[in-house]
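S.K.: After the structure tokens below, expect a handful of questions from me.
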Amino acid sequence: MSRRVRIGAVGAGWWATSNHFPIYAARDDVELVGVCGFGPQLERVRAEFGFGMATERYEELLDQDLDAVVITTPHDLHYEQAVAAIERGLHVQVEKPTTLDSASAWDLVERVERAGVHFLVPYGWNYKPFTVEARRLVEAGHLGEIQHVVCNMASPTRGLFAGDPDDIRQLWDSATDSGPDKSTWQSPNRGGGYAHGQVTHSSALMFWLTELRAATVSARVSRAGAAVDLFNAATISFDGAAIGSLSGAATVPDGDPYQVDVRVFGSEGMLLVDTERERVSLHRYDGRKWDLDIEPGAGAYECLVPPNRFIDLVAGTSDENNSDARVAARSVELIDAMLRSSAADGAVVAVHD
């Protein structure tokens with residue numbers, strides 16, 4: 001693509017204005033055609049980042065001359081808006097989770113592949129240099145056949161899910177005037193809760209690293225007095241012979257680092273990926289070892305690479321997508337099944353047909 005990538009943005013809230021829009025506005029190869037949002041701040045957002053127009057109707061935005069659309073609306077709106085963009089032949093970056101149910105997530109996969117458009121979900125940890133190297137080691141076959149996986153995540157997000165959602169804005173030291181919308185993060189019907197809000201990250205990293213797909217799950221969630229889940233625990237069987245466990249907790253004290261720990265045990269070795277202690281190790285039973293040198297601070301979560309990678313994909317300067325529609329769908333279907341299992345007192349439920 002010789003001209004600038006023409007971007008439309010659906011959603012103009014805290015995360016869009018603090019992360020995505022500054023990245024796009026700083027690139028010479030991007031034209032910010034229009035933005036869709038609500039409220040008196042919309043015109044300020046349009047002017048601050050240089051969007052050509054602003055509207056409260058996403059259909060009007062999608063009717064502009066666009067190459068791609070970036071969707072950062074509440075979870076329950078993603079599917080409808082992504083479908084509308086794909087039907088217009090637009091490339092799509094959509095926030096996680098892509099949808100709240102398995103059928104919709106896989107429908108997006110089919111639509112994306114049929115339309116031949118790029119679809120990226122900005123999972124920041126999937127683009128870290130040390131996780132990219134971990135994936136390369138797995139692809140090289142050093143683990144052999146994957147037999148067991150352990151995936152844990154914990155984060156300082158109690159305020160986001162059970163208290164003042166502006167707390168997360170303060171942790172990120174955001175300069176924006178307002179924090180996340182309480183109705184998005186603390187409403188079960190809108191996809192609030194730790195599973196959809198955070199386990200989506202760790203599970204997407206697990207699925208990208210291993211290329212596994214969950215088959216059955218038995219799970220429990222706990223709200224600990226909140227309106228949505230703060231704690232998750234699941235036992236998983238994957239397609240093939242592998243089994244595993246997954247857990248999540250929203251109550252790391254403020255100021256402490258996020259914890260994401262994925263351990264993969266194979267027929268020929270073991271992989272450890274630990275963002276908190278910033279280590280990646282692959283040790284084989286034949287004695288060969290890989291212990292990566294990771295720069296201090298590199299394990300902290302940030303989401304700078306995915307929005308830039310999306311532009312590069314659309315512009316044709318990259319073909320690497322570490323969080324495509326299939327990775328996202330495997331995360332969504334697992335979380336969907338976890339919540340169904342918990343509602344059925346931990347019964348074993350099928351993740352997919």
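Ordered as shown in the structure tokens, chains take letters A, B, and onward, while each chain numbers its residues from 1 and ligands are numbered from 1 in the order shown.
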Please report, as a ChimeraX atom specification, each residue of range 264-314 of chain A to which DSSP assigns strand (DSSP E or B) when run on this structure's backbone.

M.R.: /A:264-266,269-274,279-284,289-291

S.K.: What's around range 227-235 of chain A at 10 Å? Count only C-alpha atoms, leave out sequence neighbours fewer than 4 positions away in its own chain, and write the answer as a ChimeraX atom specification.

M.R.: /A:150-154,157-158,161-163,185-189,191-199,216-223,243-251,334-335,337-339,341-342,346,348

S.K.: Compile a residue-level contact table for range 198-308 of chain A against range 125-128 of chain A at a cut-off of 9 Å, reporting for every qualifying residue the shortest atom pair and its distance in Å to one decimal, with only C-alpha atoms counted, rows ordered by chain and ascending number, as CSV.

M.R.:
residue,atom,partner,partner_atom,distance
A:His201,CA,A:Trp125,CA,7.6
A:Ser202,CA,A:Trp125,CA,8.4
A:Ala204,CA,A:Asn126,CA,7.9
A:Leu205,CA,A:Asn126,CA,5.7
A:Trp208,CA,A:Asn126,CA,7.5
A:Leu209,CA,A:Asn126,CA,8.5
A:Thr275,CA,A:Trp125,CA,8.6
A:Ala298,CA,A:Lys128,CA,7.8
A:Gly299,CA,A:Lys128,CA,8.0
A:Ala300,CA,A:Trp125,CA,8.7
A:Tyr301,CA,A:Trp125,CA,6.7
A:Glu302,CA,A:Trp125,CA,7.7
A:Cys303,CA,A:Trp125,CA,7.9
A:Val305,CA,A:Tyr127,CA,6.5
A:Pro306,CA,A:Tyr127,CA,7.0

S.K.: Residues of the last selection are to be written out with C-alpha atoms, as a PDB file, in the first residue's frame.

M.R.:
ATOM      1  CA  HIS A 201      -4.821 -12.527  28.158  1.00  0.00           C
ATOM      2  CA  SER A 202      -3.220 -15.576  29.743  1.00  0.00           C
ATOM      3  CA  ALA A 204      -4.579 -16.396  24.498  1.00  0.00           C
ATOM      4  CA  LEU A 205      -0.858 -16.548  25.309  1.00  0.00           C
ATOM      5  CA  TRP A 208      -0.638 -19.106  20.808  1.00  0.00           C
ATOM      6  CA  LEU A 209       2.408 -20.772  22.402  1.00  0.00           C
ATOM      7  CA  THR A 275       6.317 -12.562  33.082  1.00  0.00           C
ATOM      8  CA  ALA A 298      10.381  -6.352  29.954  1.00  0.00           C
ATOM      9  CA  GLY A 299       7.788  -8.621  31.570  1.00  0.00           C
ATOM     10  CA  ALA A 300       5.463  -5.763  32.499  1.00  0.00           C
ATOM     11  CA  TYR A 301       2.320  -5.519  30.425  1.00  0.00           C
ATOM     12  CA  GLU A 302       2.146  -2.939  27.677  1.00  0.00           C
ATOM     13  CA  CYS A 303       0.321  -2.860  24.369  1.00  0.00           C
ATOM     14  CA  VAL A 305       3.452  -3.553  19.434  1.00  0.00           C
ATOM     15  CA  PRO A 306      -0.027  -4.882  18.516  1.00  0.00           C
TER      16      PRO A 306
END

S.K.: As a list in words, please: the residues near Glu56 in chain A (cut-off 6 Å, only C-alpha atoms, same-chain neighbours under 2 positions excluded).

M.R.: Cys36, Gly37 and Phe38 of chain A

S.K.: How about saving the chosen residues, all heavy atoms kept, as a CSV table (one decimal), in the first residue's frame?

M.R.:
chain,number,residue,atom,x,y,z
A,36,CYS,N,-15.9,7.3,16.3
A,36,CYS,CA,-17.2,7.1,16.8
A,36,CYS,C,-17.2,7.0,18.3
A,36,CYS,O,-16.4,6.2,18.9
A,36,CYS,CB,-17.9,5.9,16.2
A,36,CYS,SG,-19.5,5.5,16.8
A,37,GLY,N,-18.0,7.7,19.0
A,37,GLY,CA,-18.1,7.6,20.5
A,37,GLY,C,-19.3,8.4,20.9
A,37,GLY,O,-20.2,8.8,20.1
A,38,PHE,N,-19.4,8.6,22.3
A,38,PHE,CA,-20.5,9.3,22.9
A,38,PHE,C,-20.0,10.3,23.8
A,38,PHE,O,-18.9,10.3,24.4
A,38,PHE,CB,-21.4,8.3,23.6
A,38,PHE,CG,-22.1,7.3,22.7
A,38,PHE,CD1,-21.7,6.0,22.7
A,38,PHE,CD2,-23.2,7.6,21.9
A,38,PHE,CE1,-22.3,5.1,21.8
A,38,PHE,CE2,-23.8,6.7,21.1
A,38,PHE,CZ,-23.3,5.4,21.1

S.K.: Go ahead and compute the interatomic distance for CA of Thr72 in chain A and CA of Ala9 in chain A, in Å to one decimal.

M.R.: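 Taking CA of Thr72 in chain A as the start and CA of Ala9 in chain A as the end point, the length is 7.8 Å.
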
S.K.: What are the closest atom pairs, with distances in Å to one decimal, for each residue of range 114-201 of chain A lying within 7 Å of range 84-96 of chain A, using only C-alpha atoms, rows by chain and rising residue number, as CSV?

M.R.:
residue,atom,partner,partner_atom,distance
A:Ala115,CA,A:Gly89,CA,6.4
A:Val117,CA,A:His91,CA,5.1
A:His118,CA,A:His91,CA,4.9
A:Phe119,CA,A:Val92,CA,4.8
A:Leu120,CA,A:Gln93,CA,4.8
A:Val121,CA,A:Val94,CA,5.4
A:Pro122,CA,A:Glu95,CA,6.3
A:Thr200,CA,A:Lys96,CA,6.9

S.K.: Store the residues picked out above, limited to N, CA, C and O atoms, as an mmCIF file, in the first residue's frame.

M.R.:
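Output (out_10.cif):
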data_model
loop_
_atom_site.group_PDB
_atom_site.id
_atom_site.type_symbol
_atom_site.label_atom_id
_atom_site.label_comp_id
_atom_site.auth_asym_id
_atom_site.auth_seq_id
_atom_site.Cartn_x
_atom_site.Cartn_y
_atom_site.Cartn_z
ATOM 1 N N ALA A 115 -13.500 -13.291 3.888
ATOM 2 C CA ALA A 115 -13.297 -11.949 3.338
ATOM 3 C C ALA A 115 -11.835 -11.691 2.989
ATOM 4 O O ALA A 115 -11.538 -10.765 2.217
ATOM 5 N N VAL A 117 -9.463 -10.585 5.057
ATOM 6 C CA VAL A 117 -8.987 -9.367 5.713
ATOM 7 C C VAL A 117 -8.112 -9.730 6.909
ATOM 8 O O VAL A 117 -8.156 -10.843 7.419
ATOM 9 N N HIS A 118 -7.304 -8.768 7.344
ATOM 10 C CA HIS A 118 -6.520 -8.947 8.557
ATOM 11 C C HIS A 118 -7.411 -8.697 9.776
ATOM 12 O O HIS A 118 -8.247 -7.794 9.777
ATOM 13 N N PHE A 119 -7.180 -9.498 10.817
ATOM 14 C CA PHE A 119 -7.963 -9.392 12.055
ATOM 15 C C PHE A 119 -6.987 -9.610 13.203
ATOM 16 O O PHE A 119 -6.393 -10.690 13.325
ATOM 17 N N LEU A 120 -6.788 -8.595 14.012
ATOM 18 C CA LEU A 120 -5.817 -8.677 15.101
ATOM 19 C C LEU A 120 -6.477 -8.276 16.414
ATOM 20 O O LEU A 120 -7.198 -7.280 16.481
ATOM 21 N N VAL A 121 -6.206 -9.067 17.443
ATOM 22 C CA VAL A 121 -6.688 -8.782 18.796
ATOM 23 C C VAL A 121 -5.454 -8.388 19.617
ATOM 24 O O VAL A 121 -4.512 -9.178 19.716
ATOM 25 N N PRO A 122 -5.419 -7.195 20.204
ATOM 26 C CA PRO A 122 -4.180 -6.687 20.804
ATOM 27 C C PRO A 122 -3.844 -7.304 22.160
ATOM 28 O O PRO A 122 -3.969 -6.655 23.211
ATOM 29 N N THR A 200 -8.587 -13.798 29.589
ATOM 30 C CA THR A 200 -8.474 -13.721 28.131
ATOM 31 C C THR A 200 -7.029 -13.520 27.699
ATOM 32 O O THR A 200 -6.579 -14.072 26.693
#

S.K.: Quote the spacing between CA of Asp166 in chain A and CA of Pro180 in chain A in Å to one decimal place.

M.R.: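 These atoms are spaced 6.1 Å apart.
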
S.K.: Would you give me, as a Markdown table, each residue of range 9-76 of chain A having an atom within 10 Å of an atom of range 97-102 of chain A, along with its shortest atom pair and that distance in Å to one decimal, using only C-alpha atoms and sorting by chain and residue number?

M.R.:
| residue | atom | partner | partner_atom | distance |
| --- | --- | --- | --- | --- |
| A:Ile71 | CA | A:Thr98 | CA | 9.6 |
| A:Pro74 | CA | A:Pro97 | CA | 9.6 |
| A:His75 | CA | A:Pro97 | CA | 6.4 |
| A:Asp76 | CA | A:Thr99 | CA | 6.6 |

S.K.: Check the smallest atom-to-atom distance from each of A:Asp254, A:Asp181, A:Asp324, A:Glu59 to Tyr123 in chain A using only C-alpha atoms, then report the winner.

M.R.: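 Under the stated criterion, the closest residue is A:Asp324.
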
S.K.: Return the single residue from A:Gln64, A:Arg213, A:Glu48, A:Phe265 that is closest to Ala329 in chain A, with distances computed using only C-alpha atoms.

M.R.: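 Looking only at the distances to Ala329 in chain A, the closest residue turns out to be A:Arg213.
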
S.K.: Applying 10 Å and only C-alpha atoms, which residues near Val5 in chain A remain after dropping the ones on its own chain fewer than 4 positions away? List them as a list of chain:residue names.

M.R.: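 My reading of the contact set: A:Met1, A:Tyr24, A:Arg27, A:Asp28, A:Asp29, A:Val30, A:Glu31, A:Leu32, A:Val33, A:Leu66, A:Asp67, A:Ala68, A:Ile311, A:Asp312, A:Val314, A:Ala315.
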